Amino acid sequence: MRKTPVWSRLARASRLAALALWLGLAALHPPSPAHALTLSAATETELSAAITAVNAAGAGSHTISLTANIALTAPLPALSNSAATELLIDGDGHSLIGDGAHTVLRIAPGTTARLRDLTITGGRGDSGPADNSGGAVYSAGRLTITGCILSDNSAEAGGAVASVALNGDTWLSISDSTLSDNTASAFGGGLFVISNAGHVATVALANVTLTANESSSFGGGAHLTAGPQSEVVATITNTRFQANTARGSGGGLLAAASDGELSLDLIGSTLVNNSAESGGGVAQIITDSGVAETRLLRTTLANNSALAGAGVYNWAGSGGTAGLTLFNATLSGNRATGPGGGLYVVGDGGAAGATVAYSTLAGNTSAAGGGGIHVATPTGSPAAVTLNATIISNGAGAGPDCARPSGSIISIGYNLAGDGTCFLIQDNDLPASPAGLLPLAANAPGGPPTRALLAGSRARNRIHPGGAGCGTAITTDQRGAPRPQPAGGRCDVGAFESQPGDPVGWAVYLPVLRK
């Protein structure tokens, strides 16, 4: 066996001894944790200095707490520290009042920021596309907004908040907050989210109220748009869009994609008294080979108004694909002066489709056909609505329940319509049948308002166990009440599953109207 030279063994022993000494010293003196900087500000000067300090603080979670309301006279430095875990501005119930000429707070690319218990008002967008996005807040990074009020701000895009993924991916979370009385001259009176150039914009809203926001063009409450080769992924839960307006499309909410991809889940939410030219409640507009899927789950759209598609407007053009799902959803009392009181689906150079299951479309009106559903293909492109376990009933003077000048309305069973216009051809369908619905009301156990079934309604106990997923894939109604009731029995048609103790009288849901 070849022997290791003595000098080599000594060198190796020396290195091991040095390593052991280093490890021992490291154990006695571990690396210092990232320094957390905590500052307070009561004036504009102090706030500006504090932002500069946290930007230079490096790694760690850094906090600025307001100790007074602060009125701004000039732009603040942007929050810009990509090494930090988080930069927190804690309002502690105080306000930042903009100077009416600049965005109040800006978050730079790569920066993670959080706003808490803060009111922001009086901002005017001066950042981002066209140098006029985000009246209260402009973010190109990762932003969380919790327990805040953003009111009376303005911008070209995003009267209150703009989240802009143009130079990198963005992430936005808003919870337990209110966006009210903000205005946009183009896009997103309350909120504007855009992705472009291969980037992804992720959005999560929970327990948010967007009310009385206005856009001169698209998206009165909110505007989400996926640009070329980019993506928007949005989840909106327990959120209320009320009395927002848009002169173009999407009074409550506009979802758009142009050569990009968009995915939107609207869950347990309410859209009421919003107005627009098209899509009083929700508009989805997909062009230039864009692809989108919007899902309205356990959501109610009521008393919205538009020229076309007062409740929901789903339009595909220029090779776009616009998919839409309504499940356990209620569309009630929406009013169109043109086609589509409840739902309007249009293939105009692209493919537009909607699947409507276990939903209730009732009391919607149209002056030009399709009080409940209107499907059209003005250029001969595909457009279709598929119905399953759904009620469409609009009453006298509302226009026909369904209109299909072109395109398709397809029943796959267990549907009920108030007249014979919805192409209900399955043996278990009920065309031209009274629905027996109570008015829209806040029915227990909670969630958005729904329309309960009268005791004698033909929609009750209509679906056999296993049929249309009754009791298997489908186990709850829009309110979260068990479906079917009793267990093992038959399911009701529509968004409401009758339970023992449900209302039998005429309790009416009266939404708060905009002044």
# chains A, B, ... in the order shown; residues from 1 in each chain; ligands from 1
$ residues_around --residues "Val312 in chain A" --least-positions-apart "6" --cutoff "9 Å" --atoms "only C-alpha atoms" --output "JSON, numbers by chain"
{"A": [250, 278, 279, 280, 281, 282, 283, 284, 301, 331, 340, 341, 342, 343, 344, 345]}
$ closest_residue --among "A:Asp126, A:Glu231, A:Asp348, A:Asp401" --to "Thr377 in chain A" --atoms "only C-alpha atoms"
A:Asp348
$ closest_residue --among "A:Leu118, A:Val291, A:Ala53, A:Ala197" --to "Thr146 in chain A" --atoms "only C-alpha atoms"
A:Leu118
$ residues_around --residues "range 358-361 of chain A" --least-positions-apart "4" --cutoff "7 Å" --atoms "only C-alpha atoms" --output "list in words"
Leu326, Phe327, Asn328, Ala329, Thr330, Leu331, Ser332, Gly342, Gly372, Asn388, Ala389, Thr390, Ile391, Ile392, Ser393, Val493, Gly494 and Ala495 of chain A
$ write_last_selection --atoms "N, CA and C atoms" --output "compact mmCIF listing (two decimals), in the first residue's frame"
# COMPACT_ATOMS: atom_id res chain seq x y z
N LEU A 326 -70.88 29.93 -14.89
CA LEU A 326 -71.73 30.37 -13.79
C LEU A 326 -72.18 29.13 -13.04
N PHE A 327 -71.80 29.03 -11.77
CA PHE A 327 -72.15 27.86 -10.96
C PHE A 327 -72.62 28.33 -9.60
N ASN A 328 -73.80 27.84 -9.18
CA ASN A 328 -74.39 28.32 -7.93
C ASN A 328 -74.42 29.85 -7.91
N ALA A 329 -74.88 30.43 -9.00
CA ALA A 329 -74.89 31.88 -9.15
C ALA A 329 -76.32 32.37 -9.32
N THR A 330 -76.55 33.63 -8.94
CA THR A 330 -77.86 34.27 -9.09
C THR A 330 -77.71 35.54 -9.88
N LEU A 331 -78.50 35.69 -10.96
CA LEU A 331 -78.60 36.93 -11.73
C LEU A 331 -80.05 37.39 -11.62
N SER A 332 -80.27 38.53 -10.95
CA SER A 332 -81.64 38.94 -10.65
C SER A 332 -81.81 40.44 -10.86
N GLY A 342 -79.80 39.31 -18.48
CA GLY A 342 -78.96 38.59 -17.53
C GLY A 342 -77.59 38.30 -18.09
N GLY A 372 -83.31 36.82 -20.13
CA GLY A 372 -82.38 36.01 -19.34
C GLY A 372 -81.06 35.80 -20.04
N ASN A 388 -77.55 23.60 -17.38
CA ASN A 388 -77.72 22.39 -16.59
C ASN A 388 -78.27 22.77 -15.21
N ALA A 389 -79.41 22.22 -14.85
CA ALA A 389 -80.01 22.42 -13.52
C ALA A 389 -80.19 23.89 -13.19
N THR A 390 -80.66 24.65 -14.15
CA THR A 390 -80.73 26.10 -14.04
C THR A 390 -82.15 26.60 -14.26
N ILE A 391 -82.50 27.69 -13.55
CA ILE A 391 -83.78 28.37 -13.71
C ILE A 391 -83.58 29.64 -14.52
N ILE A 392 -84.41 29.83 -15.55
CA ILE A 392 -84.46 31.09 -16.30
C ILE A 392 -85.92 31.53 -16.31
N SER A 393 -86.22 32.58 -15.56
CA SER A 393 -87.61 32.99 -15.42
C SER A 393 -87.66 34.50 -15.19
N VAL A 493 -83.66 22.53 -8.49
CA VAL A 493 -83.07 23.23 -9.63
C VAL A 493 -82.72 24.65 -9.19
N GLY A 494 -81.63 25.17 -9.71
CA GLY A 494 -81.26 26.55 -9.42
C GLY A 494 -80.21 26.68 -8.34
N ALA A 495 -79.94 27.93 -7.93
CA ALA A 495 -78.86 28.22 -6.99
C ALA A 495 -79.25 27.97 -5.54
$ residues_around --residues "Glu293 in chain A" --least-positions-apart "6" --cutoff "6 Å" --atoms "only C-alpha atoms" --output "PDB file with C-alpha atoms, in the first residue's frame"
ATOM      1  CA  SER A 263     -57.933  33.360 -15.301  1.00  0.00           C
ATOM      2  CA  GLY A 323     -64.835  30.952 -21.612  1.00  0.00           C
ATOM      3  CA  LEU A 324     -67.330  31.622 -18.833  1.00  0.00           C
TER       4      LEU A 324
END
$ select_by_dssp --residues "range 26-199 of chain A" --states "strand (DSSP E)" --output "PyMOL selection string"
chain A and resi 38-41+61-66+70-71+86-90+95-97+105-107+112-116+119-121+137-139+142-146+149-151+154-157+161-165+170-180+183-187+191-195
$ closest_residue --among "A:Ile194, A:Leu143, A:Ala84, A:Ala468" --to "Ala157 in chain A" --atoms "only C-alpha atoms"
A:Ile194
$ closest_residue --among "A:Arg240, A:Val208, A:Asn132, A:Asn167" --to "Leu150 in chain A" --atoms "only C-alpha atoms"
A:Val208
$ residues_around --residues "range 174-183 of chain A" --least-positions-apart "6" --cutoff "8 Å" --atoms "only C-alpha atoms" --output "PyMOL selection string"
chain A and resi 144-155+158-160+189-190+204-215
$ closest_residue --among "A:Leu454, A:Leu66, A:Leu296, A:Ile107" --to "Val356 in chain A" --atoms "only C-alpha atoms"
A:Leu296
$ closest_residue --among "A:Val161, A:Ser95, A:Asp419, A:Ser82" --to "Gly141 in chain A" --atoms "only C-alpha atoms"
A:Ser82
$ residues_around --residues "Ala256 in chain A" --least-positions-apart "2" --cutoff "9 Å" --atoms "only C-alpha atoms" --output "list of chain:residue names"
A:His223, A:Leu224, A:Thr225, A:Ala226, A:Gly227, A:Leu254, A:Ser258, A:Gly260, A:Glu261, A:Leu262, A:Ala283, A:Gln284, A:Ile285, A:Ile286, A:Thr287, A:Gly290, A:Ala292
$ atom_distance --atom1 "CA of Gly135 in chain A" --atom2 "CA of Asn244 in chain A"
17.0 Å
$ residues_around --residues "Ile463 in chain A" --least-positions-apart "2" --cutoff "12 Å" --atoms "only C-alpha atoms" --output "PyMOL selection string"
chain A and resi 358+388-390+413-416+428-430+458-461+465-471+474+483-485+488-494+497
$ atom_distance --atom1 "CA of Ala36 in chain A" --atom2 "CA of Ala162 in chain A"
28.2 Å
$ decode --residues "range 207-251 of chain A" --atoms "N, CA and C atoms" --output "PDB file, in the first residue's frame"
ATOM      1  N   ASN A 207     -62.835  40.123   1.007  1.00  0.00           N
ATOM      2  CA  ASN A 207     -63.569  41.030   1.900  1.00  0.00           C
ATOM      3  C   ASN A 207     -63.272  42.490   1.571  1.00  0.00           C
ATOM      4  N   VAL A 208     -63.386  42.812   0.297  1.00  0.00           N
ATOM      5  CA  VAL A 208     -63.131  44.169  -0.183  1.00  0.00           C
ATOM      6  C   VAL A 208     -64.446  44.764  -0.676  1.00  0.00           C
ATOM      7  N   THR A 209     -64.628  46.057  -0.472  1.00  0.00           N
ATOM      8  CA  THR A 209     -65.763  46.777  -1.027  1.00  0.00           C
ATOM      9  C   THR A 209     -65.252  47.789  -2.036  1.00  0.00           C
ATOM     10  N   LEU A 210     -65.749  47.709  -3.273  1.00  0.00           N
ATOM     11  CA  LEU A 210     -65.465  48.706  -4.308  1.00  0.00           C
ATOM     12  C   LEU A 210     -66.781  49.390  -4.622  1.00  0.00           C
ATOM     13  N   THR A 211     -66.890  50.654  -4.244  1.00  0.00           N
ATOM     14  CA  THR A 211     -68.171  51.328  -4.385  1.00  0.00           C
ATOM     15  C   THR A 211     -68.005  52.739  -4.933  1.00  0.00           C
ATOM     16  N   ALA A 212     -68.922  53.119  -5.832  1.00  0.00           N
ATOM     17  CA  ALA A 212     -69.002  54.467  -6.397  1.00  0.00           C
ATOM     18  C   ALA A 212     -67.711  54.890  -7.077  1.00  0.00           C
ATOM     19  N   ASN A 213     -66.980  53.917  -7.645  1.00  0.00           N
ATOM     20  CA  ASN A 213     -65.831  54.256  -8.472  1.00  0.00           C
ATOM     21  C   ASN A 213     -66.295  54.441  -9.914  1.00  0.00           C
ATOM     22  N   GLU A 214     -65.536  55.201 -10.694  1.00  0.00           N
ATOM     23  CA  GLU A 214     -65.998  55.546 -12.038  1.00  0.00           C
ATOM     24  C   GLU A 214     -64.837  55.551 -13.022  1.00  0.00           C
ATOM     25  N   SER A 215     -65.109  54.993 -14.212  1.00  0.00           N
ATOM     26  CA  SER A 215     -64.153  55.037 -15.312  1.00  0.00           C
ATOM     27  C   SER A 215     -64.822  55.658 -16.526  1.00  0.00           C
ATOM     28  N   SER A 216     -64.079  56.536 -17.190  1.00  0.00           N
ATOM     29  CA  SER A 216     -64.609  57.142 -18.411  1.00  0.00           C
ATOM     30  C   SER A 216     -64.563  56.175 -19.580  1.00  0.00           C
ATOM     31  N   SER A 217     -63.936  55.003 -19.381  1.00  0.00           N
ATOM     32  CA  SER A 217     -63.839  54.034 -20.461  1.00  0.00           C
ATOM     33  C   SER A 217     -64.222  52.640 -19.955  1.00  0.00           C
ATOM     34  N   PHE A 218     -63.262  51.886 -19.413  1.00  0.00           N
ATOM     35  CA  PHE A 218     -63.490  50.482 -19.086  1.00  0.00           C
ATOM     36  C   PHE A 218     -63.219  50.202 -17.605  1.00  0.00           C
ATOM     37  N   GLY A 219     -64.057  49.333 -17.022  1.00  0.00           N
ATOM     38  CA  GLY A 219     -63.816  48.873 -15.665  1.00  0.00           C
ATOM     39  C   GLY A 219     -64.101  49.903 -14.606  1.00  0.00           C
ATOM     40  N   GLY A 220     -65.386  50.126 -14.310  1.00  0.00           N
ATOM     41  CA  GLY A 220     -65.729  51.124 -13.307  1.00  0.00           C
ATOM     42  C   GLY A 220     -65.165  50.782 -11.941  1.00  0.00           C
ATOM     43  N   GLY A 221     -65.389  49.553 -11.475  1.00  0.00           N
ATOM     44  CA  GLY A 221     -64.824  49.129 -10.202  1.00  0.00           C
ATOM     45  C   GLY A 221     -63.400  48.656 -10.343  1.00  0.00           C
ATOM     46  N   ALA A 222     -63.176  47.710 -11.272  1.00  0.00           N
ATOM     47  CA  ALA A 222     -61.842  47.137 -11.475  1.00  0.00           C
ATOM     48  C   ALA A 222     -61.665  46.745 -12.929  1.00  0.00           C
ATOM     49  N   HIS A 223     -60.410  46.791 -13.380  1.00  0.00           N
ATOM     50  CA  HIS A 223     -60.043  46.433 -14.751  1.00  0.00           C
ATOM     51  C   HIS A 223     -58.815  45.538 -14.675  1.00  0.00           C
ATOM     52  N   LEU A 224     -58.951  44.295 -15.171  1.00  0.00           N
ATOM     53  CA  LEU A 224     -57.853  43.340 -15.238  1.00  0.00           C
ATOM     54  C   LEU A 224     -57.573  43.047 -16.700  1.00  0.00           C
ATOM     55  N   THR A 225     -56.307  43.181 -17.126  1.00  0.00           N
ATOM     56  CA  THR A 225     -56.014  42.946 -18.536  1.00  0.00           C
ATOM     57  C   THR A 225     -54.675  42.245 -18.726  1.00  0.00           C
ATOM     58  N   ALA A 226     -54.692  41.179 -19.521  1.00  0.00           N
ATOM     59  CA  ALA A 226     -53.487  40.426 -19.856  1.00  0.00           C
ATOM     60  C   ALA A 226     -53.044  40.831 -21.257  1.00  0.00           C
ATOM     61  N   GLY A 227     -51.867  41.437 -21.349  1.00  0.00           N
ATOM     62  CA  GLY A 227     -51.332  41.879 -22.620  1.00  0.00           C
ATOM     63  C   GLY A 227     -50.603  40.768 -23.352  1.00  0.00           C
ATOM     64  N   PRO A 228     -49.949  41.084 -24.475  1.00  0.00           N
ATOM     65  CA  PRO A 228     -49.315  40.070 -25.322  1.00  0.00           C
ATOM     66  C   PRO A 228     -48.348  39.168 -24.567  1.00  0.00           C
ATOM     67  N   GLN A 229     -48.536  37.860 -24.742  1.00  0.00           N
ATOM     68  CA  GLN A 229     -47.660  36.823 -24.199  1.00  0.00           C
ATOM     69  C   GLN A 229     -47.517  36.924 -22.680  1.00  0.00           C
ATOM     70  N   SER A 230     -48.555  37.412 -22.010  1.00  0.00           N
ATOM     71  CA  SER A 230     -48.479  37.576 -20.561  1.00  0.00           C
ATOM     72  C   SER A 230     -49.719  36.975 -19.922  1.00  0.00           C
ATOM     73  N   GLU A 231     -49.780  37.053 -18.584  1.00  0.00           N
ATOM     74  CA  GLU A 231     -50.847  36.347 -17.872  1.00  0.00           C
ATOM     75  C   GLU A 231     -51.325  37.153 -16.679  1.00  0.00           C
ATOM     76  N   VAL A 232     -52.639  37.094 -16.444  1.00  0.00           N
ATOM     77  CA  VAL A 232     -53.246  37.606 -15.215  1.00  0.00           C
ATOM     78  C   VAL A 232     -53.986  36.458 -14.546  1.00  0.00           C
ATOM     79  N   VAL A 233     -53.703  36.259 -13.260  1.00  0.00           N
ATOM     80  CA  VAL A 233     -54.392  35.245 -12.463  1.00  0.00           C
ATOM     81  C   VAL A 233     -55.032  35.955 -11.281  1.00  0.00           C
ATOM     82  N   ALA A 234     -56.365  35.935 -11.204  1.00  0.00           N
ATOM     83  CA  ALA A 234     -57.076  36.712 -10.185  1.00  0.00           C
ATOM     84  C   ALA A 234     -58.071  35.842  -9.436  1.00  0.00           C
ATOM     85  N   THR A 235     -58.101  36.010  -8.111  1.00  0.00           N
ATOM     86  CA  THR A 235     -59.083  35.349  -7.260  1.00  0.00           C
ATOM     87  C   THR A 235     -59.736  36.423  -6.387  1.00  0.00           C
ATOM     88  N   ILE A 236     -61.045  36.570  -6.524  1.00  0.00           N
ATOM     89  CA  ILE A 236     -61.782  37.611  -5.808  1.00  0.00           C
ATOM     90  C   ILE A 236     -62.852  36.920  -4.963  1.00  0.00           C
ATOM     91  N   THR A 237     -62.755  37.081  -3.641  1.00  0.00           N
ATOM     92  CA  THR A 237     -63.597  36.332  -2.713  1.00  0.00           C
ATOM     93  C   THR A 237     -64.332  37.280  -1.770  1.00  0.00           C
ATOM     94  N   ASN A 238     -65.625  37.020  -1.545  1.00  0.00           N
ATOM     95  CA  ASN A 238     -66.431  37.792  -0.577  1.00  0.00           C
ATOM     96  C   ASN A 238     -66.250  39.292  -0.770  1.00  0.00           C
ATOM     97  N   THR A 239     -66.325  39.705  -2.004  1.00  0.00           N
ATOM     98  CA  THR A 239     -66.088  41.112  -2.350  1.00  0.00           C
ATOM     99  C   THR A 239     -67.357  41.713  -2.938  1.00  0.00           C
ATOM    100  N   ARG A 240     -67.565  42.999  -2.676  1.00  0.00           N
ATOM    101  CA  ARG A 240     -68.777  43.684  -3.109  1.00  0.00           C
ATOM    102  C   ARG A 240     -68.427  44.802  -4.081  1.00  0.00           C
ATOM    103  N   PHE A 241     -69.004  44.737  -5.271  1.00  0.00           N
ATOM    104  CA  PHE A 241     -68.903  45.802  -6.269  1.00  0.00           C
ATOM    105  C   PHE A 241     -70.258  46.494  -6.308  1.00  0.00           C
ATOM    106  N   GLN A 242     -70.314  47.741  -5.896  1.00  0.00           N
ATOM    107  CA  GLN A 242     -71.606  48.416  -5.789  1.00  0.00           C
ATOM    108  C   GLN A 242     -71.538  49.832  -6.353  1.00  0.00           C
ATOM    109  N   ALA A 243     -72.518  50.151  -7.221  1.00  0.00           N
ATOM    110  CA  ALA A 243     -72.697  51.515  -7.746  1.00  0.00           C
ATOM    111  C   ALA A 243     -71.450  52.046  -8.428  1.00  0.00           C
ATOM    112  N   ASN A 244     -70.705  51.170  -9.097  1.00  0.00           N
ATOM    113  CA  ASN A 244     -69.593  51.611  -9.936  1.00  0.00           C
ATOM    114  C   ASN A 244     -70.103  51.835 -11.358  1.00  0.00           C
ATOM    115  N   THR A 245     -69.451  52.725 -12.103  1.00  0.00           N
ATOM    116  CA  THR A 245     -69.900  53.019 -13.462  1.00  0.00           C
ATOM    117  C   THR A 245     -68.732  53.066 -14.435  1.00  0.00           C
ATOM    118  N   ALA A 246     -69.027  52.644 -15.673  1.00  0.00           N
ATOM    119  CA  ALA A 246     -68.067  52.755 -16.772  1.00  0.00           C
ATOM    120  C   ALA A 246     -68.823  53.198 -18.010  1.00  0.00           C
ATOM    121  N   ARG A 247     -68.256  54.142 -18.727  1.00  0.00           N
ATOM    122  CA  ARG A 247     -68.917  54.587 -19.950  1.00  0.00           C
ATOM    123  C   ARG A 247     -68.763  53.575 -21.073  1.00  0.00           C
ATOM    124  N   GLY A 248     -67.754  52.714 -20.962  1.00  0.00           N
ATOM    125  CA  GLY A 248     -67.566  51.650 -21.937  1.00  0.00           C
ATOM    126  C   GLY A 248     -68.071  50.325 -21.392  1.00  0.00           C
ATOM    127  N   SER A 249     -67.158  49.394 -21.109  1.00  0.00           N
ATOM    128  CA  SER A 249     -67.528  48.048 -20.679  1.00  0.00           C
ATOM    129  C   SER A 249     -67.119  47.789 -19.237  1.00  0.00           C
ATOM    130  N   GLY A 250     -67.900  46.946 -18.568  1.00  0.00           N
ATOM    131  CA  GLY A 250     -67.548  46.495 -17.235  1.00  0.00           C
ATOM    132  C   GLY A 250     -67.827  47.499 -16.146  1.00  0.00           C
ATOM    133  N   GLY A 251     -69.105  47.715 -15.838  1.00  0.00           N
ATOM    134  CA  GLY A 251     -69.432  48.660 -14.783  1.00  0.00           C
ATOM    135  C   GLY A 251     -68.835  48.254 -13.449  1.00  0.00           C
TER     136      GLY A 251
END
